[in-house]
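Enquirer: Dropping in entry.txt, which is compact mmCIF, C-alpha atoms and all ligand atoms:
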# COMPACT_ATOMS: atom_id res chain seq x y z
CA MET A 1 38.00 -6.78 -75.01
CA THR A 2 39.66 -3.45 -74.54
CA LYS A 3 40.70 -2.62 -70.98
CA LEU A 4 39.50 0.60 -69.42
CA ASN A 5 42.78 2.27 -68.33
CA LEU A 6 40.77 5.28 -67.25
CA GLN A 7 42.46 8.54 -66.40
CA VAL A 8 40.60 11.49 -64.84
CA ILE A 9 42.19 14.94 -64.66
CA ASP A 10 40.47 17.90 -63.01
CA ASP A 11 41.31 21.53 -63.83
CA PHE A 12 42.44 20.30 -67.20
CA LEU A 13 42.59 23.63 -69.04
CA PRO A 14 43.85 26.87 -67.52
CA GLN A 15 40.82 28.51 -65.88
CA LYS A 16 40.89 31.63 -68.00
CA TYR A 17 40.83 29.60 -71.19
CA PHE A 18 38.19 27.23 -69.85
CA ASN A 19 35.89 30.14 -68.96
CA ASN A 20 36.18 31.38 -72.50
CA LEU A 21 35.40 27.94 -73.85
CA LYS A 22 32.28 27.77 -71.69
CA LYS A 23 31.18 31.15 -72.98
CA ILE A 24 31.67 30.01 -76.57
CA SER A 25 29.70 26.82 -75.89
CA LYS A 26 26.71 28.87 -74.70
CA GLN A 27 26.64 30.81 -77.96
CA ILE A 28 26.26 27.75 -80.18
CA SER A 29 22.77 27.26 -81.54
CA TRP A 30 22.40 23.50 -81.51
CA GLY A 31 20.35 21.67 -84.07
CA PRO A 32 18.05 20.94 -85.60
CA TYR A 33 19.23 18.13 -87.92
CA MET A 34 22.41 18.93 -89.77
CA ASP A 35 24.59 18.42 -86.76
CA TYR A 36 22.61 15.70 -85.02
CA PHE A 37 23.83 12.14 -85.04
CA ASP A 38 20.55 10.40 -85.39
CA SER A 39 19.52 7.17 -86.95
CA ASN A 40 17.24 4.24 -86.48
CA GLU A 41 20.33 2.19 -85.89
CA SER A 42 20.78 1.76 -82.16
CA THR A 43 24.55 2.00 -82.51
CA ARG A 44 24.57 5.56 -83.84
CA HIS A 45 25.26 8.66 -81.75
CA LYS A 46 22.16 10.50 -80.66
CA TRP A 47 23.52 13.88 -79.79
CA PHE A 48 24.37 17.21 -81.28
CA TYR A 49 27.91 17.91 -82.37
CA ARG A 50 30.06 20.50 -84.06
CA ASN A 51 33.43 19.84 -85.56
CA ILE A 52 35.94 22.19 -83.91
CA GLY A 53 39.03 20.58 -85.40
CA ASP A 54 39.77 23.73 -87.39
CA ASP A 55 40.03 25.88 -84.25
CA GLU A 56 43.83 25.93 -84.13
CA GLU A 57 44.07 27.76 -80.82
CA LEU A 58 41.80 25.30 -79.02
CA LYS A 59 43.46 22.34 -80.70
CA ASN A 60 46.91 23.48 -79.70
CA ILE A 61 46.02 24.16 -76.09
CA LEU A 62 44.37 20.75 -75.81
CA ILE A 63 47.38 19.02 -77.35
CA LYS A 64 49.75 20.92 -75.08
CA ASN A 65 47.81 19.89 -71.97
CA ILE A 66 47.48 16.28 -73.09
CA ARG A 67 51.24 16.12 -73.61
CA ASN A 68 51.94 17.74 -70.24
CA LYS A 69 49.39 15.88 -68.13
CA THR A 70 49.13 12.40 -69.65
CA ILE A 71 51.49 9.80 -71.04
CA PHE A 72 50.15 10.25 -74.57
CA LYS A 73 52.56 11.58 -77.20
CA ILE A 74 49.78 13.11 -79.23
CA LYS A 75 50.55 14.85 -82.53
CA ASP A 76 47.04 15.60 -83.75
CA PHE A 77 43.41 14.59 -83.33
CA SER A 78 41.57 12.40 -85.79
CA LEU A 79 38.33 13.86 -84.44
CA LEU A 80 37.62 16.95 -82.35
CA HIS A 81 33.99 17.78 -81.65
CA ILE A 82 32.01 19.83 -79.20
CA THR A 83 28.88 17.89 -78.30
CA LEU A 84 25.58 18.42 -76.56
CA VAL A 85 23.96 15.31 -75.09
CA PRO A 86 20.25 15.66 -74.35
CA LYS A 87 18.42 13.29 -72.07
CA GLY A 88 17.69 10.18 -74.09
CA GLU A 89 18.23 6.47 -73.95
CA ALA A 90 21.19 4.59 -72.55
CA TRP A 91 23.56 4.11 -75.40
CA PRO A 92 26.36 1.61 -74.76
CA HIS A 93 28.85 1.74 -77.66
CA THR A 94 32.49 1.71 -78.63
CA ASP A 95 34.19 4.22 -80.91
CA THR A 96 36.78 2.41 -82.94
CA GLY A 97 38.71 3.34 -86.06
CA ASP A 98 41.99 2.71 -87.83
CA ASN A 99 43.54 6.09 -87.09
CA PHE A 100 42.99 6.52 -83.35
CA LYS A 101 43.31 4.55 -80.13
CA HIS A 102 42.40 6.99 -77.38
CA GLN A 103 39.39 9.06 -76.40
CA MET A 104 39.14 12.23 -74.41
CA VAL A 105 35.94 13.71 -73.01
CA LEU A 106 36.36 17.17 -71.50
CA TYR A 107 33.30 18.26 -69.55
CA VAL A 108 32.37 21.87 -70.35
CA ASP A 109 28.88 22.70 -69.10
CA GLY A 110 26.24 20.83 -67.13
CA ASP A 111 25.10 19.93 -63.64
CA VAL A 112 27.57 18.64 -61.08
CA ASP A 113 25.95 15.24 -61.10
CA MET A 114 27.12 11.66 -61.46
CA ASN A 115 24.42 11.09 -64.05
CA LYS A 116 25.54 13.94 -66.29
CA GLY A 117 28.80 12.08 -66.65
CA THR A 118 29.98 8.98 -68.44
CA GLY A 119 29.51 5.30 -67.65
CA PHE A 120 31.83 2.45 -68.58
CA TYR A 121 30.98 -1.19 -69.11
CA VAL A 122 32.78 -4.46 -68.50
CA PRO A 123 32.13 -7.72 -70.33
CA THR A 124 29.92 -10.42 -68.87
CA GLU A 125 29.03 -13.86 -70.16
CA THR A 126 25.97 -12.45 -71.85
CA GLY A 127 27.20 -9.04 -73.02
CA VAL A 128 28.32 -5.96 -71.11
CA THR A 129 27.30 -4.39 -67.82
CA LEU A 130 27.65 -0.87 -66.47
CA ASN A 131 30.50 -0.90 -63.98
CA THR A 132 32.20 2.49 -63.53
CA ALA A 133 31.04 6.08 -63.72
CA VAL A 134 32.74 9.46 -63.82
CA GLY A 135 30.40 12.28 -62.90
CA PHE A 136 30.18 15.66 -64.52
CA TYR A 137 32.52 18.29 -63.16
CA ALA A 138 33.43 21.33 -65.21
CA ASN A 139 36.93 21.28 -66.70
CA ARG A 140 37.36 17.58 -65.88
CA ALA A 141 38.98 15.56 -68.65
CA ILE A 142 38.66 11.81 -68.88
CA PHE A 143 40.82 9.57 -71.06
CA PHE A 144 40.12 5.96 -72.00
CA GLU A 145 40.87 3.48 -74.74
CA SER A 146 38.54 3.84 -77.68
CA GLY A 147 37.45 0.20 -77.68
CA VAL A 148 35.89 0.43 -74.22
CA TRP A 149 32.10 0.26 -74.06
CA HIS A 150 30.70 3.49 -72.65
CA THR A 151 27.62 5.71 -72.57
CA PRO A 152 26.68 9.24 -71.60
CA LEU A 153 24.79 8.83 -68.33
CA VAL A 154 22.47 11.75 -69.03
CA TYR A 155 19.63 9.31 -69.71
CA ALA A 156 19.65 8.33 -66.01
CA SER A 157 19.59 11.84 -64.57
CA ASN A 158 16.62 13.37 -62.76
CA ASN A 159 16.16 16.45 -64.93
CA ASP A 160 16.35 17.46 -68.58
CA THR A 161 19.50 19.54 -68.36
CA SER A 162 21.81 18.60 -71.21
CA ARG A 163 25.55 18.18 -71.02
CA ILE A 164 28.12 19.92 -73.17
CA SER A 165 31.55 18.41 -73.58
CA ILE A 166 34.45 18.22 -75.96
CA VAL A 167 35.03 14.80 -77.43
CA ALA A 168 38.35 13.97 -79.05
CA GLN A 169 39.84 10.90 -80.65
CA PHE A 170 43.56 10.50 -81.22
FE FE B 201 31.51 7.49 -77.56
Starting from the coordinates I provided, produce the structure as C-alpha cells.
Ligand SMILES: [Fe+2]
Expert:
Amino acid sequence: MTKLNLQVIDDFLPQKYFNNLKKISKQISWGPYMDYFDSNESTRHKWFYRNIGDDEELKNILIKNIRNKTIFKIKDFSLLHITLVPKGEAWPHTDTGDNFKHQMVLYVDGDVDMNKGTGFYVPTETGVTLNTAVGFYANRAIFFESGVWHTPLVYASNNDTSRISIVAQF
C-alpha cells in the first residue's frame, strides 16, 4: 500500500495572487450536473469541479511554487481542477493513473476547521481506517502520493459550508 509521505505548506501562493484566486472562485456558478462527479458507484467523486488546466497563468504559478517549495521536479499537470465539496458522505478513495504519481490539494475557501480539510487512511487487517487529518486553512497546500486512501472531511463538519480547493495530479 502506498505510504503517505504527506507534506503541508502554508502560504503556498503569494498573497496577492491567492486573493485573486479566491475572488475568481466566488464567481463560479457551480452545478447543476455537467460538472458534478456523481454516480451510483460509491467510488466516484461526489463534488463539483471545473477544469482549469487551460489557465496558463495559474498553471505556471503553481508549477513555479511546487518546484521552489517541494522536492518535485514537475513539468506539467495531468489534471488541474478547481473543486467544490458539499457536505455529503465519507468517501475514502485513491486516485491512481498511469501518468501521475502525486496529488496536490490547495485550500482556497472554507471555514478554518479540521473537518473542512482532508483525512488520510492507513491499512488495517480488515480494510482501511482514518488516521491523519489536515484541516482547512486558506492558501495551505498539501501533497501526498496518489495511491493513498483519503477523503474530504466535509461530511463530518458541523455545518453545511462547502469547501473550495484546487486539486492537481502530476
Ligand atoms: Fe481524491
Enquirer: Give me, as CSV, each residue of chain A that comes within 7 Å of ligand FE 201 (chain B), together with its shortest interatomic pair and the distance in Å at one decimal, counting only C-alpha atoms and all ligand atoms, with rows ordered by chain and rising residue number.
Expert:
residue,atom,partner,partner_atom,distance
A:His93,CA,B:FE201,FE,6.3
A:Thr94,CA,B:FE201,FE,6.0
A:Asp95,CA,B:FE201,FE,5.4
A:His150,CA,B:FE201,FE,6.4
A:Thr151,CA,B:FE201,FE,6.6
Enquirer: Those selected residues, please, written with C-alpha atoms and delivered as a PDB file, in the frame of the given file.
Expert:
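Wrote out21.pdb, looks like this:
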ATOM      1  CA  HIS A  93      28.850   1.740 -77.660  1.00  0.00           C
ATOM      2  CA  THR A  94      32.490   1.710 -78.630  1.00  0.00           C
ATOM      3  CA  ASP A  95      34.190   4.220 -80.910  1.00  0.00           C
ATOM      4  CA  HIS A 150      30.700   3.490 -72.650  1.00  0.00           C
ATOM      5  CA  THR A 151      27.620   5.710 -72.570  1.00  0.00           C
TER       6      THR A 151
END
Enquirer: Might you pull out every residue within 12 Å of A:Asn20, with only C-alpha atoms counted and same-chain residues fewer than 4 positions away left off, and present them as a ChimeraX atom specification?
Expert: /A:13-16,24-27,58,108-109,139
Enquirer: So the first atom is atom CA of A:Asn68 and the second is atom CA of A:Leu153; what is the distance between them in Å, to one decimal place?
Expert: 28.6 Å
Enquirer: Calculated over all atoms listed in the file, which of the candidates A:Ser162, A:Ser78, A:Asn19, A:Thr2 has the smallest distance to A:Asp54?
Expert: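 Smallest separation from A:Asp54 among the options: A:Ser78.
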Enquirer: Of the candidates A:Tyr137, A:Phe72, A:Phe170, A:Phe144, which one gets nearest to A:Lys59 if we count all atoms listed in the file?
Expert: A:Phe170
Enquirer: At a cut-off of 12 Å around the point (51.6, 12.0, -82.5) (file coordinates), what residues fall inside when counting all atoms listed in the file? I'd like the answer as a list in words.
Expert: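 Neighbouring residues, ordered by chain and number, come to Ile63, Lys64, Ile66, Arg67, Ile71, Phe72, Lys73, Ile74, Lys75, Asp76, Phe77, Ser78, Asn99, Phe100, Lys101, His102, Gln169 and Phe170 of chain A.
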Enquirer: Could you name the residues that touch stretch 127-129 of chain A at 12 Å or less, counting all atoms listed in the file, but leaving out those on the same chain fewer than 3 positions away, as a PDB file with C-alpha atoms, in the frame of the given file?
Expert:
ATOM      1  CA  MET A   1      38.000  -6.780 -75.010  1.00  0.00           C
ATOM      2  CA  ALA A  90      21.190   4.590 -72.550  1.00  0.00           C
ATOM      3  CA  TRP A  91      23.560   4.110 -75.400  1.00  0.00           C
ATOM      4  CA  PRO A  92      26.360   1.610 -74.760  1.00  0.00           C
ATOM      5  CA  HIS A  93      28.850   1.740 -77.660  1.00  0.00           C
ATOM      6  CA  THR A  94      32.490   1.710 -78.630  1.00  0.00           C
ATOM      7  CA  GLY A 119      29.510   5.300 -67.650  1.00  0.00           C
ATOM      8  CA  PHE A 120      31.830   2.450 -68.580  1.00  0.00           C
ATOM      9  CA  TYR A 121      30.980  -1.190 -69.110  1.00  0.00           C
ATOM     10  CA  VAL A 122      32.780  -4.460 -68.500  1.00  0.00           C
ATOM     11  CA  PRO A 123      32.130  -7.720 -70.330  1.00  0.00           C
ATOM     12  CA  THR A 124      29.920 -10.420 -68.870  1.00  0.00           C
ATOM     13  CA  THR A 132      32.200   2.490 -63.530  1.00  0.00           C
ATOM     14  CA  ALA A 133      31.040   6.080 -63.720  1.00  0.00           C
ATOM     15  CA  VAL A 148      35.890   0.430 -74.220  1.00  0.00           C
ATOM     16  CA  TRP A 149      32.100   0.260 -74.060  1.00  0.00           C
ATOM     17  CA  HIS A 150      30.700   3.490 -72.650  1.00  0.00           C
ATOM     18  CA  THR A 151      27.620   5.710 -72.570  1.00  0.00           C
TER      19      THR A 151
END
